[in-house]
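What's in model02.tsv: TSV, C-alpha atoms
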```
chain	number	residue	atom	x	y	z
A	188	MET	CA	94.92	124.54	118.83
A	189	ASN	CA	93.14	127.14	116.79
A	190	TYR	CA	89.52	126.16	116.92
A	191	ASN	CA	88.42	129.02	114.65
A	192	LYS	CA	90.53	127.65	111.88
A	193	MET	CA	89.10	124.24	112.61
A	194	SER	CA	85.56	125.47	112.27
A	195	ASP	CA	86.53	127.08	108.97
A	196	ILE	CA	87.64	123.68	107.83
A	197	GLU	CA	84.38	122.24	109.09
A	198	LYS	CA	82.35	124.83	107.23
A	199	ASN	CA	84.22	124.26	103.98
A	200	LEU	CA	84.03	120.52	104.46
A	201	ARG	CA	80.23	120.65	104.70
A	202	ALA	CA	80.02	122.89	101.65
A	203	GLU	CA	82.24	120.58	99.60
A	204	ALA	CA	80.37	117.50	100.72
A	205	LYS	CA	77.05	119.14	99.90
A	206	LYS	CA	78.28	120.04	96.43
A	207	LEU	CA	79.54	116.52	95.80
A	208	LEU	CA	76.28	114.92	96.85
A	209	GLU	CA	74.04	117.41	95.04
A	210	GLU	CA	75.99	117.09	91.82
A	211	LYS	CA	75.92	113.30	92.32
A	212	LYS	CA	79.67	113.13	91.92
A	213	VAL	CA	79.76	110.63	94.76
A	214	ASP	CA	77.27	108.13	96.15
A	215	TYR	CA	78.22	108.86	99.73
A	216	VAL	CA	80.76	110.70	101.81
A	217	ILE	CA	82.72	109.03	104.60
A	218	GLY	CA	83.38	111.53	107.36
A	219	TYR	CA	83.13	112.16	111.07
A	220	GLU	CA	80.09	112.92	113.20
A	221	GLU	CA	79.58	113.56	116.87
A	222	SER	CA	77.36	111.20	118.79
A	223	ASN	CA	77.09	110.71	122.53
A	224	GLY	CA	79.85	113.22	123.07
A	225	LYS	CA	82.28	111.21	121.00
A	226	VAL	CA	83.48	111.50	117.45
A	227	SER	CA	82.74	108.51	115.29
A	228	PRO	CA	82.88	107.69	111.59
A	229	CYS	CA	79.72	108.35	109.59
A	230	PHE	CA	78.41	107.80	106.09
A	231	ILE	CA	76.42	110.59	104.48
A	232	ASP	CA	74.44	109.80	101.35
A	233	ASN	CA	72.05	112.74	101.37
A	234	ALA	CA	72.95	116.41	100.88
A	235	LYS	CA	70.48	117.29	103.64
A	236	ASP	CA	72.60	115.50	106.21
A	237	VAL	CA	75.90	117.26	105.60
A	238	GLU	CA	75.41	119.39	108.71
A	239	LYS	CA	76.24	116.26	110.69
A	240	LEU	CA	79.81	116.36	109.43
A	241	VAL	CA	82.39	117.62	111.89
A	242	PHE	CA	86.10	118.08	111.98
A	243	ASN	CA	87.84	118.63	115.29
A	244	PRO	CA	90.78	117.21	117.26
A	245	GLY	CA	88.70	114.16	118.11
A	246	CYS	CA	88.71	112.98	114.51
A	247	VAL	CA	91.37	110.36	114.92
A	248	HIS	CA	89.93	107.45	112.90
A	249	ASN	CA	91.58	106.49	109.66
A	250	LEU	CA	88.52	106.30	107.44
A	251	SER	CA	90.32	104.71	104.52
A	252	VAL	CA	89.55	101.29	105.99
A	253	TYR	CA	85.95	101.81	104.84
A	254	LEU	CA	87.07	102.19	101.23
A	255	LEU	CA	87.62	98.45	101.21
A	256	GLU	CA	83.92	97.91	101.84
A	257	ALA	CA	82.80	100.08	98.93
A	258	ASP	CA	81.46	98.29	95.89
A	259	ALA	CA	83.45	98.61	92.69
A	260	GLU	CA	80.73	100.71	91.06
A	261	ASN	CA	80.40	103.10	94.02
A	262	LYS	CA	81.89	106.55	93.91
A	263	VAL	CA	82.95	107.55	97.37
A	264	GLY	CA	83.95	110.84	98.93
A	265	ILE	CA	86.32	110.49	101.86
A	266	VAL	CA	87.68	112.84	104.48
A	267	ALA	CA	91.40	112.29	104.90
A	268	LYS	CA	94.09	113.76	107.12
A	269	GLY	CA	97.76	113.57	106.17
A	270	CYS	CA	98.31	110.16	107.74
A	271	ASP	CA	95.08	108.75	106.30
A	272	SER	CA	96.04	109.89	102.82
A	273	ARG	CA	99.12	107.68	102.95
A	274	ALA	CA	96.90	104.66	103.53
A	275	ILE	CA	94.80	105.70	100.53
A	276	ILE	CA	97.91	105.95	98.36
A	277	GLU	CA	98.96	102.52	99.52
A	278	LEU	CA	95.52	101.10	98.69
A	279	ILE	CA	95.67	102.61	95.22
A	280	LYS	CA	99.17	101.25	94.73
A	281	GLN	CA	98.05	97.76	95.70
A	282	ASN	CA	95.01	97.86	93.43
A	283	GLN	CA	92.47	97.76	96.23
A	284	VAL	CA	90.86	101.06	95.34
A	285	ALA	CA	90.52	102.77	91.98
A	286	ARG	CA	91.67	106.37	92.07
A	287	ASP	CA	88.80	107.42	89.79
A	288	ASN	CA	86.23	106.04	92.21
A	289	ILE	CA	87.21	108.17	95.15
A	290	PHE	CA	87.05	111.87	95.82
A	291	ILE	CA	89.45	112.86	98.58
A	292	LEU	CA	88.52	115.75	100.84
A	293	GLY	CA	92.02	116.36	102.17
A	294	ILE	CA	92.42	118.16	105.46
A	295	SER	CA	95.55	119.94	106.55
A	296	CYS	CA	95.73	118.58	110.08
A	297	ASP	CA	96.97	120.17	113.28
A	298	GLY	CA	97.08	116.88	115.10
A	299	VAL	CA	94.39	114.90	116.85
A	300	LYS	CA	93.91	114.23	120.53
A	301	ASP	CA	92.70	111.30	122.62
A	302	LEU	CA	89.80	111.45	125.05
A	303	LEU	CA	92.08	112.81	127.77
A	304	GLY	CA	93.14	115.65	125.50
A	305	LYS	CA	96.64	114.30	124.91
A	306	ASP	CA	98.38	114.25	121.55
A	307	TYR	CA	98.69	110.86	119.91
A	308	ASP	CA	102.24	109.60	119.41
A	309	LYS	CA	101.83	109.74	115.67
A	310	CYS	CA	101.03	113.46	115.85
A	311	LYS	CA	104.02	114.41	117.97
A	312	ASN	CA	106.39	113.77	115.09
A	313	CYS	CA	104.02	114.06	112.16
A	314	LYS	CA	105.95	114.18	108.91
A	315	TYR	CA	102.99	114.68	106.61
A	316	PRO	CA	100.30	116.94	108.15
A	317	VAL	CA	99.07	117.82	104.65
A	318	PRO	CA	97.57	114.95	102.65
A	319	LEU	CA	99.86	113.65	99.92
A	320	ILE	CA	96.91	113.03	97.66
A	321	TYR	CA	93.64	114.98	97.51
A	322	ASP	CA	91.02	116.43	95.21
A	323	VAL	CA	90.35	119.45	97.38
A	324	LEU	CA	92.48	120.64	100.24
A	325	LEU	CA	90.84	122.24	103.25
A	326	GLY	CA	93.07	124.34	105.46
A	327	GLU	CA	96.47	125.76	104.67
A	328	LYS	CA	99.56	123.88	103.59
A	329	LYS	CA	102.12	123.45	106.30
A	330	GLU	CA	105.51	121.89	106.87
A	331	GLY	CA	105.86	118.51	108.56
A	332	LYS	CA	108.36	117.55	111.21
A	333	GLU	CA	111.50	115.48	110.79
A	334	GLU	CA	111.09	111.72	110.90
A	335	ASP	CA	111.87	110.54	114.39
A	336	TYR	CA	112.50	106.90	115.22
A	337	SER	CA	113.54	107.46	118.83
A	338	ASP	CA	110.79	105.13	120.06
A	339	VAL	CA	112.21	102.27	118.00
A	340	GLU	CA	115.79	103.18	118.88
A	341	GLU	CA	114.93	103.05	122.57
A	342	ILE	CA	114.02	99.39	122.23
A	343	GLU	CA	116.96	98.69	119.92
A	344	SER	CA	119.28	99.91	122.65
A	345	MET	CA	118.07	97.23	125.07
A	346	SER	CA	119.86	93.89	125.36
A	347	LEU	CA	118.47	90.84	123.56
A	348	GLU	CA	117.16	89.39	126.80
A	349	GLU	CA	115.47	92.64	127.79
A	350	ARG	CA	113.83	92.98	124.43
A	351	LYS	CA	112.49	89.45	124.60
A	352	LYS	CA	111.06	90.10	128.05
A	353	PHE	CA	109.59	93.41	126.99
A	354	TRP	CA	107.78	92.07	123.95
A	355	ASN	CA	106.69	88.83	125.56
A	356	LYS	CA	105.12	90.82	128.37
A	357	GLN	CA	103.29	92.92	125.82
A	358	PHE	CA	102.14	89.92	123.81
A	359	GLU	CA	100.93	88.19	126.97
A	360	LYS	CA	98.32	90.90	127.44
A	361	CYS	CA	96.76	90.15	124.07
A	362	ILE	CA	93.21	88.81	124.15
A	363	LYS	CA	93.31	88.07	120.44
A	364	CYS	CA	90.34	90.21	119.54
A	365	HIS	CA	92.00	90.89	116.16
A	366	ALA	CA	91.04	94.55	116.40
A	367	CYS	CA	94.51	95.51	115.15
A	368	ARG	CA	93.93	93.55	112.00
A	369	ASN	CA	90.34	94.54	111.45
A	370	ILE	CA	90.96	98.25	111.81
A	371	CYS	CA	94.03	98.22	109.60
A	372	PRO	CA	93.30	99.71	106.17
A	373	LEU	CA	96.17	97.73	104.67
A	374	CYS	CA	94.97	94.37	106.05
A	375	TYR	CA	92.74	93.60	103.12
A	376	CYS	CA	93.48	89.92	102.45
A	377	GLU	CA	90.27	87.97	102.19
A	378	GLU	CA	91.96	84.97	103.65
A	379	CYS	CA	94.11	86.00	106.56
A	380	ALA	CA	97.02	83.92	107.80
A	381	LEU	CA	95.83	84.62	111.34
A	382	ASP	CA	92.62	82.69	110.65
A	383	ASP	CA	94.50	79.74	109.21
A	384	LYS	CA	94.96	77.06	111.84
A	385	ASN	CA	97.98	75.75	109.98
A	386	TRP	CA	99.82	78.86	111.13
A	387	VAL	CA	98.18	79.79	114.41
A	388	SER	CA	95.53	78.28	116.62
A	389	LYS	CA	92.84	80.27	118.38
A	390	SER	CA	94.69	80.15	121.67
A	391	HIS	CA	95.77	83.45	123.15
A	392	LYS	CA	98.61	81.87	125.08
A	393	PHE	CA	102.26	81.34	124.21
A	394	PRO	CA	103.56	80.39	121.72
A	395	GLU	CA	100.53	80.99	119.52
A	396	ILE	CA	100.22	84.60	120.55
A	397	TRP	CA	103.88	85.24	119.78
A	398	MET	CA	103.40	83.66	116.39
A	399	SER	CA	100.33	85.68	115.45
A	400	HIS	CA	101.88	89.01	116.42
A	401	LEU	CA	105.03	88.27	114.48
A	402	ILE	CA	103.13	87.12	111.42
A	403	ARG	CA	101.06	90.26	111.42
A	404	ALA	CA	104.11	92.45	111.90
A	405	LEU	CA	105.92	90.84	108.99
A	406	HIS	CA	102.85	91.14	106.80
A	407	THR	CA	102.88	94.89	107.34
A	408	ALA	CA	106.41	95.10	105.94
A	409	GLY	CA	106.61	97.78	103.29
A	410	ARG	CA	102.97	98.74	103.57
A	411	CYS	CA	102.38	99.99	107.12
A	412	VAL	CA	101.95	103.75	106.98
A	413	SER	CA	102.16	104.19	110.77
A	414	CYS	CA	98.68	105.64	111.12
A	415	GLY	CA	98.59	104.11	114.59
A	416	GLU	CA	95.04	102.79	114.33
A	417	CYS	CA	96.08	99.32	115.52
A	418	GLU	CA	97.50	100.77	118.68
A	419	ARG	CA	94.45	102.96	119.26
A	420	ALA	CA	92.05	100.07	118.72
A	421	CYS	CA	93.99	97.71	120.97
A	422	PRO	CA	91.98	97.20	124.16
A	423	VAL	CA	95.05	96.18	126.16
A	424	ASN	CA	97.46	98.84	124.90
A	425	ILE	CA	100.10	96.76	123.19
A	426	PRO	CA	102.55	99.24	121.60
A	427	LEU	CA	101.98	97.83	118.13
A	428	ARG	CA	103.12	100.92	116.33
A	429	LYS	CA	106.55	100.52	117.88
A	430	LEU	CA	106.63	96.95	116.64
A	431	TYR	CA	105.67	97.73	113.06
A	432	ARG	CA	107.71	100.90	112.82
A	433	LYS	CA	110.88	98.88	113.29
A	434	ILE	CA	110.19	97.23	109.95
A	435	GLY	CA	109.33	100.60	108.42
A	436	LYS	CA	112.62	101.94	109.65
A	437	ASP	CA	114.60	99.03	108.20
A	438	VAL	CA	112.79	99.27	104.89
A	439	LYS	CA	113.61	102.97	104.74
A	440	GLU	CA	117.26	102.43	105.56
A	441	LEU	CA	117.83	99.42	103.34
A	442	PHE	CA	115.60	100.04	100.36
A	443	ASP	CA	115.10	103.78	100.59
A	444	TYR	CA	111.36	103.22	100.47
A	445	GLU	CA	108.55	104.80	102.40
A	446	ALA	CA	105.05	103.35	102.25
A	447	GLY	CA	102.18	105.52	101.14
A	448	VAL	CA	104.17	108.40	99.72
A	449	ASN	CA	104.03	107.82	96.00
A	450	ALA	CA	101.43	105.66	94.27
A	451	GLU	CA	103.89	104.93	91.46
A	452	ASP	CA	106.49	103.27	93.71
A	453	VAL	CA	106.91	99.50	93.53
A	454	PRO	CA	106.47	97.81	96.93
A	455	PRO	CA	109.94	96.97	98.30
A	456	LEU	CA	109.49	93.24	98.79
A	457	VAL	CA	108.36	92.54	95.26
A	458	ALA	CA	111.25	94.47	93.79
A	459	PHE	CA	115.01	94.43	93.92
A	460	ASP	CA	117.89	96.66	93.03
A	461	LEU	CA	120.93	94.63	92.05
A	462	ASP	CA	123.71	97.04	92.88
A	463	LYS	CA	122.26	98.67	95.95
A	464	ASP	CA	121.06	95.40	97.48
A	465	LYS	CA	124.45	93.81	97.04
A	466	GLU	CA	126.07	96.69	98.80
A	467	LYS	CA	123.53	97.16	101.57
A	468	ILE	CA	122.50	93.64	102.43
A	469	LYS	CA	125.26	91.66	103.99
A	470	GLN	CA	123.64	88.56	105.40
A	471	ASN	CA	125.03	87.26	108.67
B	279	MET	CA	124.45	61.56	119.88
B	280	ASN	CA	122.57	62.96	122.83
B	281	GLU	CA	119.30	64.11	121.29
B	282	GLU	CA	118.45	66.40	124.19
B	283	LYS	CA	121.58	68.48	124.06
B	284	GLU	CA	122.12	68.62	120.35
B	285	PRO	CA	120.75	71.73	118.65
B	286	LYS	CA	118.01	71.13	116.12
B	287	ILE	CA	118.36	73.08	112.90
B	288	ILE	CA	115.68	73.26	110.25
B	289	GLY	CA	117.31	73.77	106.87
B	290	PHE	CA	115.27	75.04	103.96
B	291	LEU	CA	117.36	74.25	100.90
B	292	CYS	CA	116.64	75.24	97.37
B	293	ASN	CA	116.25	72.34	94.99
B	294	TRP	CA	118.68	73.56	92.35
B	295	CYS	CA	121.74	74.70	94.28
B	296	SER	CA	121.82	74.14	98.00
B	297	TYR	CA	120.07	70.79	98.07
B	298	ALA	CA	122.43	69.57	95.37
B	299	GLY	CA	125.30	71.07	97.35
B	300	ALA	CA	124.21	69.15	100.45
B	301	ASP	CA	123.86	66.04	98.31
B	302	LEU	CA	127.37	66.53	97.00
B	303	ALA	CA	128.65	66.83	100.55
B	304	GLY	CA	126.99	63.48	101.23
B	305	THR	CA	128.16	61.65	98.14
B	306	SER	CA	131.68	63.00	98.65
B	307	ARG	CA	131.54	61.55	102.18
B	308	ILE	CA	132.37	64.86	103.79
B	309	GLN	CA	131.85	64.43	107.53
B	310	GLN	CA	129.44	66.95	109.02
B	311	PRO	CA	127.22	67.28	112.06
B	312	PRO	CA	123.82	65.59	111.62
B	313	ASN	CA	121.90	68.48	113.20
B	314	VAL	CA	120.23	69.88	110.13
B	315	ARG	CA	116.80	68.56	109.20
B	316	VAL	CA	116.52	69.32	105.55
B	317	ILE	CA	113.34	70.53	103.86
B	318	ARG	CA	113.68	70.78	100.13
B	319	VAL	CA	111.93	73.64	98.42
B	320	MET	CA	111.95	74.62	94.78
B	321	CYS	CA	113.40	78.07	95.42
B	322	SER	CA	114.61	79.96	98.46
B	323	SER	CA	112.07	82.65	97.65
B	324	ARG	CA	109.34	80.12	98.35
B	325	ILE	CA	110.11	80.41	102.07
B	326	LYS	CA	107.82	82.85	103.68
B	327	PRO	CA	108.57	84.32	107.08
B	328	GLU	CA	105.76	82.27	108.64
B	329	LEU	CA	107.67	79.08	107.87
B	330	VAL	CA	110.69	80.32	109.76
B	331	LEU	CA	108.55	81.46	112.68
B	332	LYS	CA	106.73	78.14	112.75
B	333	ALA	CA	110.02	76.27	112.91
B	334	PHE	CA	111.01	78.31	115.96
B	335	LYS	CA	107.58	77.92	117.49
B	336	ASN	CA	107.73	74.16	117.15
B	337	GLY	CA	111.07	73.87	118.86
B	338	ALA	CA	113.84	74.46	116.34
B	339	ASP	CA	116.97	75.97	117.84
B	340	GLY	CA	118.04	77.48	114.56
B	341	VAL	CA	116.78	77.95	111.03
B	342	LEU	CA	118.92	77.87	107.93
B	343	VAL	CA	117.71	79.11	104.58
B	344	ALA	CA	120.05	78.30	101.72
B	345	GLY	CA	119.72	79.13	98.06
B	346	CYS	CA	121.69	79.77	94.90
B	347	HIS	CA	124.17	82.62	94.87
B	348	PRO	CA	122.58	85.90	93.85
B	349	GLY	CA	122.71	86.03	90.08
B	350	GLU	CA	122.62	82.26	89.73
B	351	CYS	CA	119.00	81.54	90.57
B	352	HIS	CA	117.42	78.78	88.50
B	353	TYR	CA	114.40	81.05	88.13
B	354	MET	CA	116.53	84.07	87.20
B	355	ASP	CA	115.60	86.39	90.07
B	356	GLY	CA	114.03	84.39	92.90
B	357	ASN	CA	116.82	84.81	95.38
B	358	TYR	CA	116.94	88.57	94.95
B	359	TYR	CA	113.55	88.60	96.68
B	360	THR	CA	114.80	86.13	99.27
B	361	ARG	CA	117.67	88.46	100.06
B	362	ARG	CA	115.38	91.41	100.68
B	363	ARG	CA	112.77	89.47	102.61
B	364	PHE	CA	115.13	87.88	105.04
B	365	VAL	CA	117.25	90.85	105.89
B	366	ILE	CA	114.02	92.35	107.20
B	367	LEU	CA	113.10	89.18	109.07
B	368	LYS	CA	116.52	88.87	110.62
B	369	LYS	CA	116.53	92.41	111.93
B	370	PHE	CA	113.01	91.98	113.18
B	371	LEU	CA	113.76	88.76	115.04
B	372	GLU	CA	116.60	90.59	116.72
B	373	TYR	CA	114.19	93.37	117.65
B	374	VAL	CA	111.87	90.97	119.47
B	375	GLY	CA	114.78	89.37	121.28
B	376	ILE	CA	115.85	86.39	119.22
B	377	ASP	CA	119.57	85.99	118.76
B	378	PRO	CA	120.30	86.70	115.07
B	379	ARG	CA	122.75	83.81	115.02
B	380	ARG	CA	119.80	81.45	115.25
B	381	PHE	CA	118.66	82.43	111.79
B	382	ARG	CA	120.96	82.22	108.82
B	383	VAL	CA	120.64	82.82	105.12
B	384	GLU	CA	123.45	81.33	103.09
B	385	TRP	CA	124.24	80.98	99.42
B	386	VAL	CA	125.47	77.49	98.56
B	387	SER	CA	125.84	76.35	94.97
B	388	ALA	CA	125.53	72.79	93.70
B	389	SER	CA	129.31	72.43	93.54
B	390	GLU	CA	129.95	73.73	97.03
B	391	GLY	CA	129.68	70.57	99.13
B	392	MET	CA	132.54	71.81	101.23
B	393	LYS	CA	130.87	75.14	101.85
B	394	PHE	CA	127.69	73.39	102.94
B	395	LYS	CA	129.64	71.41	105.47
B	396	GLU	CA	131.27	74.56	106.78
B	397	VAL	CA	127.94	76.30	107.13
B	398	VAL	CA	126.38	73.39	108.99
B	399	GLU	CA	129.39	72.96	111.19
B	400	GLY	CA	129.65	76.66	111.97
B	401	MET	CA	125.99	76.98	112.76
B	402	THR	CA	125.88	73.86	114.91
B	403	ASN	CA	128.81	75.02	116.98
B	404	GLU	CA	127.34	78.46	117.43
B	405	LEU	CA	124.02	77.04	118.52
B	406	LYS	CA	125.73	74.71	120.97
B	407	ASP	CA	127.23	77.78	122.62
B	408	LEU	CA	123.90	79.58	122.61
B	409	GLY	CA	122.03	76.65	124.16
B	410	LYS	CA	118.43	75.64	123.66
B	411	PHE	CA	116.06	78.16	122.16
B	412	GLU	CA	113.32	79.25	124.45
B	413	LEU	CA	110.51	81.42	123.30
B	414	GLN	CA	109.59	82.67	126.72
```
structure tokens encoding of this file:
Amino acid sequence: MNYNKMSDIEKNLRAEAKKLLEEKKVDYVIGYEESNGKVSPCFIDNAKDVEKLVFNPGCVHNLSVYLLEADAENKVGIVAKGCDSRAIIELIKQNQVARDNIFILGISCDGVKDLLGKDYDKCKNCKYPVPLIYDVLLGEKKEGKEEDYSDVEEIESMSLEERKKFWNKQFEKCIKCHACRNICPLCYCEECALDDKNWVSKSHKFPEIWMSHLIRALHTAGRCVSCGECERACPVNIPLRKLYRKIGKDVKELFDYEAGVNAEDVPPLVAFDLDKDKEKIKQN
Amino acid sequence: MNEEKEPKIIGFLCNWCSYAGADLAGTSRIQQPPNVRVIRVMCSSRIKPELVLKAFKNGADGVLVAGCHPGECHYMDGNYYTRRRFVILKKFLEYVGIDPRRFRVEWVSASEGMKFKEVVEGMTNELKDLGKFELQ
């Protein structure tokens, strides 16, 4: 990792943020700060505070989740890596955020690392290191890697029985803290099916826990951008990204659709294509 | 019939085609296994994945969703959405270890009493081979 380049990004980021706040183009900037030796999200509403802003390999959080909390009249500046930008596109597409209300400080990302200094899974095969939407880009443009679904294929190659055992073991660990839902930028429903006792009770035992994980997975269909925040937030390390990426893979194969790439696309499950669907979908 | 051993199938049938098809099978006195518990819905696209999951959670051995043939939906395009939604669900159920034969989407029109019988019969026999569904 080239830290010099990183600090260049940091310097430019502070300058851009300062300009935005001084010119009152935004009410506040959502970025990263360092506190207690850790990187955490921060909100800067005063040009004097921009020196707090950092960008380094610890900046893993997908800040777009905070866009949902902004008031409709607020103008917000947001720091976004490639993966985060896809969530922003998805939020624009689904009318959760108005494009005119946000100023995107896009960062060409070299990958982020966990507290042990290891690369996150999402970074190992990152297809979009450069944000797909931005108002200014910090850092140089670079090529992404090929899409790689080997993690999903590994599970697909197991037998039915093995898969059931594998997932049930994972689900059993769940303590139902709902962190996966709360951290997800695309989980914006005001009334969530997981809070509705007609679908699932509060129990964290079978079969309720099975039900709530499957409901959440199916609700991410066609919108999950694989930012991996659910998996990072999970206190018991359930490989949620592997679960949701299966649906992403199917959606890609069947409907030729990728979430968070183009704000003009129509979400795949509220659309249809007569000829292609007939050919590709053979039920049973 | 031995309630314990017989597979339980929850059938979501669309009001305009499949329910009428099932009705036709009945009025024509076509003999068929009594394993399907029918829930009538206005359109197959009304079924959300949660409903299918809930059926499995509450002890169904199989779930059948039946609607009008693509192109013949009473509401013009409802079943095109159904088609997309459930191909995803089916693949996903398989991914978490549920036999895909336990979940079927079929197109049965109002005049296809015979087809309805074949679907029910086929599914019941398959589920008998598969045995009871167990989540864990």
Could you check which of A:Tyr315, A:Tyr307, A:Tyr375, A:Phe242 is closest to A:Cys270, using only C-alpha atoms? A:Tyr315
Find the spatial neighbours of B:Asn336, counting all atoms listed in the file, within a cut-off of 10 Å - ignore same-chain residues fewer than 4 positions away - and output them as a ChimeraX atom specification. /A:394 /B:331-332,413
Compile the residues of chain A that lie within 7 Å of chain B, evaluated using only C-alpha atoms, and express the compilation as a list of chain:residue names.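 Within 7 Å of chain B on chain A, we get A:Glu343, A:Leu347, A:Glu348, A:Arg350, A:Lys351, A:Trp354, A:Asn355, A:Pro394, A:Met398, A:Ile402, A:Ile434, A:Asp437, A:Leu456, A:Val457, A:Ala458, A:Phe459, A:Ile468, A:Gln470, A:Asn471.
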To one decimal in Å, tell me the separation between atom CA of A:Pro422 and atom CA of A:Cys371.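 Between atom CA of A:Pro422 and atom CA of A:Cys371 the gap is 14.7 Å.
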In Å and to one decimal, atom CA of A:Pro244 is distant from atom CA of A:Ala267 by 13.3 Å
Mind checking which residues fall within 9 Å of A:Arg403, counting all atoms listed in the file, ignoring those fewer than 5 positions away in the same chain, and posting them as a PyMOL selection string? chain A and resi 368+380-381+398+431
Test item: which residues lie within 12 Å of (86.6, 102.2, 99.4) counting only C-alpha atoms, as an MDAnalysis selection string: chainID A and resid 213:217 230 250:266 274:276 278:279 282:291 372:373 375
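Closest approach to A:Gly415 from the set A:Lys328, A:Lys309, A:Lys268, A:Lys211 is made by A:Lys309, with distances taken over all atoms listed in the file.
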Please indicate the distance in Å from atom CA of A:Ser388 to atom CA of A:Leu405, rounded to one decimal place.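 Interatomic distance, atom CA of A:Ser388 to atom CA of A:Leu405: 18.0 Å.
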Pick from A:Ala446, A:Val299, A:Val241, A:Val226 nearest to A:Lys198, counting all atoms listed in the file: A:Val241
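Look at everything within 10 Å of (103.5, 119.7, 107.1) using all atoms listed in the file, and the residues you get are A:Gly269, A:Ser295, A:Cys296, A:Asp297, A:Cys313, A:Lys314, A:Tyr315, A:Pro316, A:Val317, A:Pro318, A:Glu327, A:Lys328, A:Lys329, A:Glu330, A:Gly331, A:Lys332, A:Glu333.
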List the spatial neighbours of B:Lys406 as a PDB file with C-alpha atoms, in the coordinates of the input - criterion: any atom at most 12 Å away, only C-alpha atoms, same-chain residues fewer than 6 positions off excluded.
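For reference, part_2.pdb as written:
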```pdb
ATOM      1  CA  GLU B 282     118.450  66.400 124.190  1.00  0.00           C
ATOM      2  CA  LYS B 283     121.580  68.480 124.060  1.00  0.00           C
ATOM      3  CA  GLU B 284     122.120  68.620 120.350  1.00  0.00           C
ATOM      4  CA  PRO B 285     120.750  71.730 118.650  1.00  0.00           C
ATOM      5  CA  LYS B 286     118.010  71.130 116.120  1.00  0.00           C
ATOM      6  CA  ILE B 287     118.360  73.080 112.900  1.00  0.00           C
ATOM      7  CA  PRO B 311     127.220  67.280 112.060  1.00  0.00           C
ATOM      8  CA  ASN B 313     121.900  68.480 113.200  1.00  0.00           C
ATOM      9  CA  ASP B 339     116.970  75.970 117.840  1.00  0.00           C
ATOM     10  CA  GLY B 340     118.040  77.480 114.560  1.00  0.00           C
ATOM     11  CA  ARG B 379     122.750  83.810 115.020  1.00  0.00           C
ATOM     12  CA  ARG B 380     119.800  81.450 115.250  1.00  0.00           C
ATOM     13  CA  GLU B 399     129.390  72.960 111.190  1.00  0.00           C
ATOM     14  CA  GLY B 400     129.650  76.660 111.970  1.00  0.00           C
TER      15      GLY B 400
END
```
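Shortest atom-to-atom contact with A:Cys414 among A:Leu401, A:Asn249, A:Lys305, A:Ser390: A:Asn249, counting only C-alpha atoms.
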Selected residue, from B:Ser387, B:Ala344, B:Lys395, B:Gly337, that lies nearest to B:Phe411 when counting only C-alpha atoms: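 Going through B:Ser387, B:Ala344, B:Lys395, B:Gly337 one by one, the smallest distance to B:Phe411 is for B:Gly337.
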Env of B:Ser296: 9 Å cut, atoms = only C-alpha atoms, seq-sep filter 5 positions within chain, self excluded. Answer as a VMD selection string. chain B and resid 290 to 291 301 344 to 346 384 to 391 394
Smallest atom-to-atom distance to B:Tyr353: which of B:Thr305, B:Gln310, B:Thr402, B:Ser322, using only C-alpha atoms? B:Ser322
Name all residues at most 12 Å from A:Asp301 (count all atoms listed in the file; drop same-chain ones fewer than 6 positions away) and give them as a PyMOL selection string. chain A and resi 225-226+243-248+307-310+419-420
